[in-house]
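Shown next: input-v2.txt, given as compact mmCIF, C-alpha atoms.
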```txt
# COMPACT_ATOMS: atom_id res chain seq x y z
CA MET A 26 59.37 -17.93 -48.66
CA ASN A 27 59.58 -14.60 -50.47
CA GLY A 28 62.24 -13.74 -53.01
CA ILE A 29 63.80 -14.07 -56.44
CA LEU A 30 65.98 -16.92 -57.71
CA LEU A 31 68.02 -17.00 -60.92
CA VAL A 32 67.92 -20.31 -62.79
CA ASP A 33 69.92 -21.43 -65.83
CA LYS A 34 67.19 -23.15 -67.84
CA PRO A 35 68.29 -26.30 -69.70
CA ALA A 36 67.11 -27.14 -73.21
CA GLY A 37 64.05 -29.36 -73.50
CA LEU A 38 61.94 -27.81 -70.73
CA THR A 39 59.29 -25.13 -71.02
CA SER A 40 59.48 -22.15 -68.67
CA HIS A 41 56.37 -23.54 -66.97
CA ASP A 42 58.18 -26.87 -66.44
CA VAL A 43 61.05 -25.06 -64.72
CA VAL A 44 58.69 -23.16 -62.43
CA ALA A 45 56.82 -26.39 -61.56
CA GLN A 46 60.03 -28.26 -60.72
CA ALA A 47 61.39 -25.37 -58.66
CA ARG A 48 58.09 -25.12 -56.81
CA LYS A 49 58.32 -28.80 -55.92
CA ILE A 50 61.96 -28.60 -54.86
CA LEU A 51 61.45 -25.54 -52.65
CA GLY A 52 58.01 -26.44 -51.34
CA GLU A 53 56.48 -23.07 -52.28
CA LYS A 54 53.20 -23.11 -54.22
CA LYS A 55 53.04 -19.41 -55.03
CA SER A 56 55.53 -18.84 -57.85
CA GLY A 57 56.05 -17.37 -61.29
CA HIS A 58 58.66 -16.23 -63.77
CA SER A 59 59.66 -13.11 -65.66
CA GLY A 60 59.89 -13.67 -69.41
CA THR A 61 59.16 -16.95 -71.20
CA LEU A 62 61.97 -18.91 -72.85
CA ASP A 63 61.23 -21.38 -75.66
CA PRO A 64 61.64 -25.08 -74.75
CA GLN A 65 64.84 -25.47 -76.81
CA ALA A 66 66.34 -22.18 -75.57
CA THR A 67 68.66 -22.09 -72.57
CA GLY A 68 69.79 -19.48 -70.12
CA LEU A 69 68.52 -17.08 -67.54
CA LEU A 70 65.04 -17.51 -66.14
CA VAL A 71 64.09 -15.24 -63.23
CA LEU A 72 61.79 -17.05 -60.77
CA ALA A 73 59.71 -15.41 -58.05
CA PHE A 74 58.32 -17.09 -54.94
CA GLY A 75 55.72 -16.03 -52.38
CA ASP A 76 54.96 -12.32 -52.25
CA ALA A 77 57.83 -11.73 -54.68
CA THR A 78 55.47 -12.79 -57.49
CA ARG A 79 53.99 -9.32 -57.05
CA TRP A 80 57.38 -7.81 -57.88
CA LEU A 81 57.45 -9.40 -61.34
CA PRO A 82 55.96 -6.43 -63.26
CA TYR A 83 58.64 -4.20 -61.70
CA LEU A 84 61.69 -6.31 -62.59
CA PRO A 85 64.03 -5.13 -65.38
CA LYS A 86 62.51 -5.50 -68.86
CA ASP A 87 65.60 -5.37 -71.09
CA LYS A 88 67.28 -8.64 -72.02
CA ARG A 89 70.51 -9.90 -73.61
CA TYR A 90 70.75 -12.98 -75.81
CA ARG A 91 73.32 -14.97 -77.75
CA ALA A 92 71.83 -16.54 -80.86
CA THR A 93 72.80 -18.46 -83.97
CA LEU A 94 70.94 -18.30 -87.27
CA ARG A 95 71.13 -20.83 -90.06
CA PHE A 96 70.93 -19.57 -93.64
CA GLY A 97 69.08 -21.30 -96.46
CA ILE A 98 66.38 -22.94 -94.33
CA GLU A 99 62.93 -21.56 -93.52
CA THR A 100 60.52 -23.29 -91.15
CA ASP A 101 56.95 -22.77 -89.97
CA THR A 102 58.24 -21.80 -86.51
CA GLU A 103 61.19 -19.65 -87.68
CA ASP A 104 63.57 -21.95 -85.79
CA ILE A 105 65.47 -25.10 -86.69
CA TRP A 106 63.06 -27.30 -84.70
CA GLY A 107 60.03 -26.46 -86.84
CA LYS A 108 58.75 -28.02 -90.05
CA GLU A 109 60.88 -27.05 -93.03
CA VAL A 110 58.88 -25.08 -95.60
CA ARG A 111 61.60 -23.83 -97.94
CA ARG A 112 65.27 -24.50 -98.61
CA SER A 113 67.83 -22.62 -100.67
CA GLU A 114 70.28 -25.25 -101.86
CA ALA A 115 72.76 -22.96 -103.57
CA PHE A 116 73.84 -19.59 -102.24
CA ASP A 117 77.09 -17.78 -101.77
CA LEU A 118 77.06 -15.13 -99.05
CA SER A 119 80.11 -13.10 -98.18
CA PRO A 120 80.85 -12.30 -94.53
CA ASP A 121 80.35 -8.61 -95.32
CA GLU A 122 76.87 -9.25 -96.73
CA ILE A 123 75.89 -11.22 -93.65
CA ARG A 124 77.21 -8.58 -91.26
CA GLU A 125 75.42 -5.86 -93.21
CA ALA A 126 72.09 -7.72 -93.00
CA LEU A 127 72.45 -8.38 -89.28
CA ASN A 128 73.47 -4.80 -88.53
CA ALA A 129 70.42 -3.62 -90.52
CA LEU A 130 68.23 -5.26 -87.87
CA LYS A 131 69.21 -2.47 -85.47
CA LEU A 132 66.99 -0.16 -87.52
CA GLU A 133 63.87 -2.30 -87.07
CA THR A 134 61.22 -0.48 -85.00
CA HIS A 135 58.26 -2.89 -85.19
CA GLN A 136 57.79 -6.64 -85.24
CA VAL A 137 54.85 -8.98 -85.87
CA PRO A 138 54.74 -11.66 -83.13
CA PRO A 139 55.15 -15.20 -84.53
CA MET A 140 52.28 -17.67 -84.22
CA VAL A 141 54.45 -19.88 -82.01
CA SER A 142 54.77 -17.18 -79.32
CA ALA A 143 53.21 -17.27 -75.85
CA LEU A 144 51.36 -14.01 -76.57
CA LYS A 145 47.69 -14.33 -75.63
CA HIS A 146 44.67 -13.87 -77.94
CA GLN A 147 41.29 -14.04 -76.22
CA GLY A 148 42.93 -15.71 -73.23
CA LYS A 149 44.70 -18.36 -75.28
CA ALA A 150 48.39 -18.49 -76.26
CA LEU A 151 49.14 -18.06 -79.95
CA TYR A 152 51.16 -21.29 -80.03
CA GLU A 153 48.01 -23.18 -79.02
CA TYR A 154 46.20 -21.81 -82.08
CA ALA A 155 49.23 -22.71 -84.20
CA ARG A 156 49.05 -26.33 -83.02
CA GLU A 157 45.42 -26.41 -84.19
CA GLY A 158 46.38 -25.00 -87.58
CA VAL A 159 44.61 -21.72 -86.90
CA GLU A 160 46.24 -18.47 -88.05
CA ILE A 161 45.43 -15.36 -85.98
CA GLU A 162 45.90 -11.91 -87.44
CA ARG A 163 48.58 -10.09 -85.44
CA ALA A 164 49.38 -6.40 -85.40
CA ALA A 165 52.99 -5.23 -85.47
CA ARG A 166 54.29 -4.23 -82.03
CA PRO A 167 56.98 -1.69 -81.11
CA LEU A 168 60.48 -3.17 -81.07
CA GLU A 169 63.47 -1.94 -79.07
CA ILE A 170 66.94 -3.02 -80.15
CA PHE A 171 69.61 -1.30 -78.09
CA ASP A 172 72.58 -3.13 -79.56
CA LEU A 173 73.45 -6.04 -81.83
CA LYS A 174 76.96 -7.43 -82.20
CA VAL A 175 77.98 -9.98 -84.81
CA LEU A 176 80.28 -12.49 -83.12
CA ALA A 177 81.14 -14.95 -85.88
CA VAL A 178 80.24 -15.68 -89.49
CA ARG A 179 80.54 -19.11 -91.10
CA ALA A 180 79.49 -20.54 -94.47
CA GLU A 181 75.91 -21.25 -93.44
CA GLU A 182 75.61 -19.75 -89.95
CA ALA A 183 76.24 -16.59 -87.96
CA ASP A 184 76.40 -15.92 -84.21
CA PHE A 185 75.32 -12.63 -82.65
CA GLU A 186 74.57 -11.03 -79.30
CA LEU A 187 71.47 -8.93 -78.86
CA HIS A 188 70.46 -6.34 -76.24
CA CYS A 189 66.76 -5.65 -76.64
CA GLY A 190 63.55 -4.61 -74.95
CA SER A 191 60.81 -6.85 -73.61
CA GLY A 192 58.71 -8.79 -76.11
CA THR A 193 61.43 -9.16 -78.76
CA TYR A 194 61.23 -12.37 -80.80
CA VAL A 195 64.77 -13.33 -81.77
CA ARG A 196 63.53 -16.06 -84.13
CA SER A 197 61.71 -13.41 -86.15
CA LEU A 198 64.86 -11.30 -86.36
CA CYS A 199 66.70 -14.32 -87.76
CA SER A 200 63.95 -14.82 -90.32
CA LYS A 201 64.13 -11.13 -91.24
CA ALA A 202 67.89 -11.39 -91.82
CA GLY A 203 67.27 -14.31 -94.18
CA ALA A 204 64.69 -12.27 -96.08
CA LEU A 205 67.12 -9.36 -96.44
CA LEU A 206 69.70 -11.73 -97.90
CA LYS A 207 67.07 -13.44 -100.11
CA VAL A 208 68.13 -16.94 -99.03
CA GLY A 209 65.87 -17.47 -96.01
CA ALA A 210 67.06 -18.22 -92.49
CA CYS A 211 65.93 -19.61 -89.16
CA MET A 212 67.20 -19.51 -85.59
CA SER A 213 69.28 -22.56 -84.65
CA SER A 214 70.19 -21.72 -81.04
CA LEU A 215 69.25 -19.19 -78.36
CA ARG A 216 70.66 -18.47 -74.92
CA ARG A 217 69.50 -15.70 -72.61
CA LEU A 218 72.48 -14.05 -70.98
CA ALA A 219 70.86 -11.37 -68.83
CA CYS A 220 67.69 -9.64 -67.69
CA GLY A 221 68.66 -6.13 -66.67
CA ALA A 222 71.42 -6.51 -64.08
CA PHE A 223 70.62 -10.21 -63.51
CA GLN A 224 73.29 -12.38 -65.17
CA VAL A 225 73.14 -16.03 -66.20
CA ASP A 226 76.63 -16.43 -64.69
CA ASP A 227 74.98 -15.90 -61.29
CA ALA A 228 72.18 -18.42 -61.96
CA GLN A 229 71.80 -21.88 -60.43
CA SER A 230 71.13 -25.14 -62.21
CA LEU A 231 67.64 -26.49 -61.70
CA ASP A 232 68.84 -29.62 -59.89
CA GLN A 233 70.92 -27.66 -57.38
CA LEU A 234 68.57 -24.91 -56.22
CA ASP A 235 69.63 -23.29 -52.97
CA PRO A 236 66.83 -21.35 -51.20
CA SER A 237 69.44 -19.46 -49.17
CA ARG A 238 70.26 -17.59 -52.39
CA LEU A 239 66.79 -16.04 -52.60
CA MET A 240 67.12 -12.32 -53.35
CA GLY A 241 65.14 -9.88 -51.27
CA PRO A 242 63.68 -6.61 -52.59
CA GLU A 243 66.77 -4.57 -51.76
CA THR A 244 68.65 -6.67 -54.35
CA ALA A 245 65.95 -7.73 -56.80
CA LEU A 246 64.51 -4.22 -57.04
CA ALA A 247 67.78 -2.32 -56.69
CA HIS A 248 67.22 -0.71 -60.10
CA LEU A 249 64.23 1.22 -58.71
CA LYS A 250 64.52 4.52 -56.86
CA GLU A 251 63.77 4.31 -53.16
CA LEU A 252 61.62 6.45 -50.90
CA THR A 253 61.97 5.95 -47.16
CA VAL A 254 58.56 6.28 -45.51
CA ALA A 255 58.27 7.84 -42.07
CA SER A 256 56.83 5.57 -39.38
CA SER A 257 53.91 7.95 -38.99
CA ASP A 258 52.97 7.41 -42.65
CA GLU A 259 53.07 3.60 -42.65
CA LYS A 260 49.39 3.25 -41.66
CA ALA A 261 48.23 5.56 -44.43
CA LEU A 262 50.37 3.67 -46.93
CA GLY A 263 48.95 0.35 -45.70
CA GLN A 264 45.50 1.72 -46.46
CA GLY A 265 46.59 2.49 -50.01
CA ARG A 266 46.60 6.26 -49.54
CA ASP A 267 48.91 8.59 -51.46
CA LEU A 268 51.85 10.23 -49.73
CA ASP A 269 53.03 13.80 -50.22
CA LEU A 270 56.35 14.20 -52.00
CA ALA A 271 58.94 16.89 -51.45
CA PRO A 272 59.09 19.52 -54.22
CA GLY A 273 61.16 18.36 -57.16
CA ALA A 274 61.14 16.89 -60.65
CA TYR A 275 59.50 13.46 -60.94
CA ASP A 276 58.64 11.04 -63.73
CA ALA A 277 55.15 9.55 -63.58
CA LYS A 278 56.35 6.55 -65.61
CA GLU A 279 58.92 5.52 -63.00
CA SER A 280 58.29 2.95 -60.29
CA TRP A 281 59.72 3.39 -56.80
CA ARG A 282 60.41 1.18 -53.79
CA LEU A 283 58.65 2.51 -50.68
CA SER A 284 60.60 1.28 -47.67
CA ALA A 285 60.30 1.59 -43.91
CA THR A 286 63.08 3.21 -41.89
CA ASP A 287 64.27 -0.30 -40.96
CA GLY A 288 64.54 -1.32 -44.62
CA ARG A 289 61.32 -3.37 -44.93
CA LEU A 290 59.58 -3.17 -48.31
CA LEU A 291 56.21 -1.58 -47.64
CA ALA A 292 54.96 -0.97 -51.17
CA LEU A 293 55.79 -0.16 -54.77
CA GLY A 294 54.45 3.00 -56.29
CA SER A 295 54.82 5.79 -58.82
CA PRO A 296 54.69 9.61 -58.59
CA GLN A 297 51.49 11.34 -59.68
CA ARG A 298 51.03 15.03 -60.27
CA VAL A 299 48.12 16.67 -58.45
CA GLY A 300 47.81 20.31 -59.46
CA LEU A 301 51.16 21.91 -58.72
CA THR A 302 52.31 19.20 -56.30
CA TRP A 303 53.44 15.60 -56.56
CA ARG A 304 52.18 12.63 -54.57
CA MET A 305 53.39 9.03 -54.37
CA HIS A 306 50.66 6.58 -55.32
CA PRO A 307 51.12 3.00 -54.03
CA SER A 308 50.31 0.47 -56.75
CA ARG A 309 51.39 -2.64 -54.80
CA VAL A 310 51.05 -2.63 -51.00
CA PHE A 311 52.76 -5.36 -48.96
CA VAL A 312 51.84 -4.24 -45.45
CA ARG A 313 48.45 -3.69 -43.90
CA PRO A 314 47.55 -1.34 -41.03
```
In structure tokens, how does this file's structure come out?
Amino acid sequence: MNGILLVDKPAGLTSHDVVAQARKILGEKKSGHSGTLDPQATGLLVLAFGDATRWLPYLPKDKRYRATLRFGIETDTEDIWGKEVRRSEAFDLSPDEIREALNALKLETHQVPPMVSALKHQGKALYEYAREGVEIERAARPLEIFDLKVLAVRAEEADFELHCGSGTYVRSLCSKAGALLKVGACMSSLRRLACGAFQVDDAQSLDQLDPSRLMGPETALAHLKELTVASSDEKALGQGRDLDLAPGAYDAKESWRLSATDGRLLALGSPQRVGLTWRMHPSRVFVRP
């Protein structure tokens, strides 16, 4: 079983729990997911099975979320499910002030990962240190916010949709908005709507997984450019050797699908410049000579 499935994660399960249940339902031991969701968050989780686990680094990185933040409450986890550490009992925010603070988040370029994140330090997730009461020094990481739309503003809450790059911590953005408004804030709900072109509207519930809906590489990796490999070059590719590319302009940061003439996925690779010429270097090979 090789392919990608889209699951609508329910609240109360970790991403690992979802993968474990799907593995049991489908009878496939080799599995993984693209992008952790917090236990109380819901929405799109992209699961990979079999050889498709090797596609995970090549899947779309940008994500879309719908979130709600609650003003006047700060917690040790930056979300409503954490331990309350500070409360602002009296505040009077106008809708314009709230919208201005949220729109200001679009200008953020770096973010310090929260201690409750799944980011690893010396092979151990930060949230594991947090459970032990250990604080790890974290460096700010680049942040990509492509768009942020304020959906609704209420007396103590606001809803917004976010289009962002990989590794964005929405809870920390909510906390930042509270700091800008000087009343504190925390995230009170989070739903992932999309990962690249994958939409939660196309996802299955965990208790109704249908293996016939597994996506092959032609769908799951459709966002990548494709190079059709001649039959005479398949053996060289299977040995991990570079292939000559026709003259042209290439981007060494781009990943490509390397397919056989019959459509089979042979490998994933990226262009590399060698002197005045370009060659395709296979970084993941799925066929052997």
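Using all atoms listed in the file, the protein and nucleic acid residues lying no more than 10 Å from Asp101 of chain A, apart from those fewer than 5 places from it along its own chain, are A:Trp106, A:Gly107, A:Lys108, A:Glu109, A:Val110, A:Arg111, A:Pro139, A:Met140, A:Val141, A:Ala155, A:Cys211.
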Inset, instruction - Compile the contact shell of segment 125-137 of chain A as a ChimeraX atom specification: residues with an atom at most 7 Å away, counting all atoms listed in the file, same-chain residues fewer than 6 positions apart removed. - result: /A:163-170,172-173,202,205-206
Restricting the output to C-alpha atoms, write the selected residues as a PDB file, in the frame of the given file.
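Once written, part-v4.pdb looks like this:
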```
ATOM      1  CA  ARG A 163      48.580 -10.090 -85.440  1.00  0.00           C
ATOM      2  CA  ALA A 164      49.380  -6.400 -85.400  1.00  0.00           C
ATOM      3  CA  ALA A 165      52.990  -5.230 -85.470  1.00  0.00           C
ATOM      4  CA  ARG A 166      54.290  -4.230 -82.030  1.00  0.00           C
ATOM      5  CA  PRO A 167      56.980  -1.690 -81.110  1.00  0.00           C
ATOM      6  CA  LEU A 168      60.480  -3.170 -81.070  1.00  0.00           C
ATOM      7  CA  GLU A 169      63.470  -1.940 -79.070  1.00  0.00           C
ATOM      8  CA  ILE A 170      66.940  -3.020 -80.150  1.00  0.00           C
ATOM      9  CA  ASP A 172      72.580  -3.130 -79.560  1.00  0.00           C
ATOM     10  CA  LEU A 173      73.450  -6.040 -81.830  1.00  0.00           C
ATOM     11  CA  ALA A 202      67.890 -11.390 -91.820  1.00  0.00           C
ATOM     12  CA  LEU A 205      67.120  -9.360 -96.440  1.00  0.00           C
ATOM     13  CA  LEU A 206      69.700 -11.730 -97.900  1.00  0.00           C
TER      14      LEU A 206
END
```
Inset, instruction - Considering all atoms listed in the file, state which residue in the set A:Leu262, A:Ala177, A:Leu84, A:Leu144 is at the smallest distance from His248 of chain A. - result: A:Leu84
Inset, instruction - Give me, please, the distance in Å between atom CA of Glu243 of chain A and atom CA of Cys220 of chain A, quoted to one decimal. - result: 16.7 Å
Legend entry - Among the residues A:Ser56, A:Thr93, A:Gln264, A:Thr286, the one that comes closest to Pro307 of chain A [using only C-alpha atoms]: A:Gln264
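Atom CA of Gln46 of chain A sits 21.3 Å away from atom CA of Gly241 of chain A.
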Quick one: residues within 12 Å of Glu153 of chain A, all atoms listed in the file counted, chain neighbours fewer than 6 positions away excluded, as a compact mmCIF listing (two decimals) with C-alpha atoms, in the coordinates of the input?
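Generated output (around07.txt):
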```txt
# COMPACT_ATOMS: atom_id res chain seq x y z
CA MET A 140 52.28 -17.67 -84.22
CA VAL A 141 54.45 -19.88 -82.01
CA SER A 142 54.77 -17.18 -79.32
CA ALA A 143 53.21 -17.27 -75.85
CA LEU A 144 51.36 -14.01 -76.57
CA LYS A 145 47.69 -14.33 -75.63
CA HIS A 146 44.67 -13.87 -77.94
CA GLN A 147 41.29 -14.04 -76.22
CA VAL A 159 44.61 -21.72 -86.90
CA GLU A 160 46.24 -18.47 -88.05
CA ILE A 161 45.43 -15.36 -85.98
```
Legend entry - Distance criterion (only C-alpha atoms): nearest to Leu234 of chain A out of A:Ile29, A:Ala271, A:Leu176, A:Val254: A:Ile29
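As for atom CA of Cys199 of chain A and atom CA of Met212 of chain A, they are spaced 5.6 Å apart.
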